[in-house]
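Novice: Handing you this structure, nothing more for now.
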Amino acid sequence: MAARGLAVAVARRSWAPAPRGEGPRRLLQQQALPGPDQPIEMENPYKEPPKKCVLCGIKVDYKNVQLLSQFVSPYTGRIYGRHLTGLCNKKQKEISKTIKRAQVLGFMPVMFKNTSFLTDPKICNVKY
Amino acid sequence: MHSRRRVEWQILLLSKCMFPSLVLEALQPETAAVLKRTVEALMEKGAVVRNLENLGERALPYKISKHKQRHRRGGYFLVDLEAPPSIVSTMMDHLGRDIDVIRRAFIKHPVSKTEECSGIIPVNFEDKLTAKKK
């Protein structure tokens, strides 16, 4: 109610502009003063090296059917997408193209995964 | 003489194997004849054959129908050669007419460039969202 609102002391809200003379003056006066105690500017020394995908540095060959079969579904023989394999852009494209090539040239089956490679370690994040 | 651009090729042959020679390591005379024919044809057209590899004889991943026959087994051969690109179409034609060749392919020699893999660079989604379209 209006009467109650007037009776209560209204504290200044954070979004209300500060009256002149009050409030912090930003930015212009924040430059660090030179001295032996101030932090030295440098690159983050604890920076981690960029994460590498599983195939980083490995050459992908169309003859290496076992490697290619690890990125293919065992039931339908479909190539897994990027969100499942976790490969970087370049390698995903390479693998895709190589699998297609191997399938055409008669190295790799199309509709299923080669039975001898079914017990290979799982690289992709697929829950069966 | 026009300048010939030499590119490295790998040619892959699946040739049909009549008798599965699992015991004998030596090539069947028919397979040897096929390879000889192919290499001779290549050399005639001006290719330099570097290497001829036998990738083994195995059951094909799927049945291939070619030259009025359904094939289930085949021998895989790899021919490393240097040749001008004009040879490709003529050779594919030539090999297509050969009854003993099931599948043929010319593949460019893979140039190994995988030394500079810098890993996955995290994408800054904010920048991508507010990026101006040209």
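Just remember, in the structure tokens the first chain shown is A, the second B, etc., residues are 1-based per chain, and ligands are 1-based in the order shown.
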Fewer than 2 positions away in the same chain doesn't count, so skip those; otherwise give me all residues within 12 Å of Val72 (chain A), counting only C-alpha atoms, as a PyMOL selection string.

Specialist: chain A and resi 65-70+74-82+84-85+95-96+99-100+103+108-114+117-118+120+122-126

Novice: I want to know what sits within 12 Å of Lys90 (chain A), based on only C-alpha atoms, with residues of the same chain fewer than 6 positions away left out; could you give that as a ChimeraX atom specification?

Specialist: /A:52-53,55-57,59-60,82,96-97 /B:113-114,116-121

Novice: Keeping only N, CA, C and O atoms, write the selected residues as a tab-separated table (two decimals), in the first residue's frame.

Specialist:
chain	number	residue	atom	x	y	z
A	52	LYS	N	43.55	-33.47	-27.29
A	52	LYS	CA	43.68	-34.13	-28.58
A	52	LYS	C	42.62	-35.22	-28.70
A	52	LYS	O	42.26	-35.87	-27.73
A	53	CYS	N	42.16	-35.41	-29.93
A	53	CYS	CA	41.19	-36.47	-30.13
A	53	CYS	C	41.92	-37.81	-30.23
A	53	CYS	O	43.14	-37.85	-30.24
A	55	LEU	N	42.43	-39.88	-32.56
A	55	LEU	CA	43.23	-40.16	-33.75
A	55	LEU	C	44.28	-39.12	-34.05
A	55	LEU	O	44.84	-39.10	-35.13
A	56	CYS	N	44.54	-38.23	-33.11
A	56	CYS	CA	45.50	-37.16	-33.39
A	56	CYS	C	46.87	-37.74	-33.64
A	56	CYS	O	47.45	-38.40	-32.78
A	57	GLY	N	47.40	-37.52	-34.83
A	57	GLY	CA	48.72	-38.02	-35.13
A	57	GLY	C	48.74	-39.40	-35.76
A	57	GLY	O	49.78	-39.87	-36.19
A	59	LYS	N	47.77	-41.91	-38.75
A	59	LYS	CA	47.42	-41.84	-40.16
A	59	LYS	C	46.27	-42.82	-40.44
A	59	LYS	O	46.32	-43.98	-40.03
A	60	VAL	N	45.26	-42.31	-41.10
A	60	VAL	CA	44.07	-43.12	-41.39
A	60	VAL	C	44.21	-43.69	-42.80
A	60	VAL	O	44.35	-42.96	-43.77
A	82	ARG	N	29.89	-37.22	-34.99
A	82	ARG	CA	30.93	-36.57	-34.21
A	82	ARG	C	30.66	-36.60	-32.71
A	82	ARG	O	31.59	-36.68	-31.90
A	96	SER	N	35.37	-40.60	-42.19
A	96	SER	CA	34.17	-40.78	-42.98
A	96	SER	C	34.49	-41.14	-44.42
A	96	SER	O	34.01	-42.13	-44.97
A	97	LYS	N	35.36	-40.32	-45.01
A	97	LYS	CA	35.73	-40.53	-46.40
A	97	LYS	C	36.42	-41.87	-46.60
A	97	LYS	O	36.19	-42.57	-47.57
B	113	LYS	N	50.49	-35.85	-43.93
B	113	LYS	CA	50.60	-34.48	-43.42
B	113	LYS	C	50.28	-34.40	-41.94
B	113	LYS	O	50.06	-33.35	-41.39
B	114	THR	N	50.16	-35.55	-41.27
B	114	THR	CA	49.63	-35.52	-39.90
B	114	THR	C	50.71	-35.24	-38.87
B	114	THR	O	50.85	-35.94	-37.89
B	116	GLU	N	51.21	-31.87	-37.81
B	116	GLU	CA	50.93	-30.60	-37.15
B	116	GLU	C	49.60	-30.61	-36.42
B	116	GLU	O	48.94	-29.59	-36.31
B	117	CYS	N	49.17	-31.76	-35.94
B	117	CYS	CA	47.87	-31.80	-35.29
B	117	CYS	C	47.92	-31.02	-34.00
B	117	CYS	O	48.62	-31.41	-33.06
B	118	SER	N	47.19	-29.92	-33.92
B	118	SER	CA	47.28	-29.06	-32.75
B	118	SER	C	46.22	-29.37	-31.72
B	118	SER	O	46.06	-28.65	-30.76
B	119	GLY	N	45.48	-30.42	-31.91
B	119	GLY	CA	44.47	-30.76	-30.92
B	119	GLY	C	43.18	-30.00	-31.14
B	119	GLY	O	43.08	-29.16	-32.01
B	120	ILE	N	42.19	-30.32	-30.29
B	120	ILE	CA	40.88	-29.69	-30.44
B	120	ILE	C	40.93	-28.30	-29.81
B	120	ILE	O	41.14	-28.16	-28.61
B	121	ILE	N	40.73	-27.28	-30.62
B	121	ILE	CA	40.70	-25.90	-30.11
B	121	ILE	C	39.27	-25.62	-29.65
B	121	ILE	O	38.34	-25.74	-30.43

Novice: Give me, as a VMD selection string, the residues of region 17-76 of chain B that a backbone DSSP run labels strand (DSSP E).

Specialist: chain B and resid 48 to 66 69 to 76

Novice: Near His94 (chain B), within 10 Å and counting only C-alpha atoms, which residues show up once chain neighbours fewer than 4 positions away are dropped, as a PyMOL selection string?

Specialist: chain B and resi 38+41-42+88-90+98

Novice: How about saving the chosen residues, C-alpha atoms kept, as a short mmCIF file (atom, residue, chain, number, x, y, z; two decimals), in the first residue's frame?

Specialist:
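Below is the file result-v6.cif, written as the result:
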data_model
loop_
_atom_site.label_atom_id
_atom_site.label_comp_id
_atom_site.auth_asym_id
_atom_site.auth_seq_id
_atom_site.Cartn_x
_atom_site.Cartn_y
_atom_site.Cartn_z
CA THR B 38 48.02 -55.43 -66.18
CA ALA B 41 49.56 -52.63 -70.21
CA LEU B 42 50.56 -50.01 -67.68
CA VAL B 88 43.60 -43.24 -65.65
CA SER B 89 40.59 -43.29 -67.96
CA THR B 90 42.23 -45.54 -70.54
CA ASP B 98 39.33 -57.93 -68.37
#

Novice: Report the distance between CA of Glu48 (chain A) and CA of Phe125 (chain B) in Å, rounded to one decimal place.

Specialist: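 We find that CA of Glu48 (chain A) and CA of Phe125 (chain B) lie 19.9 Å from each other.
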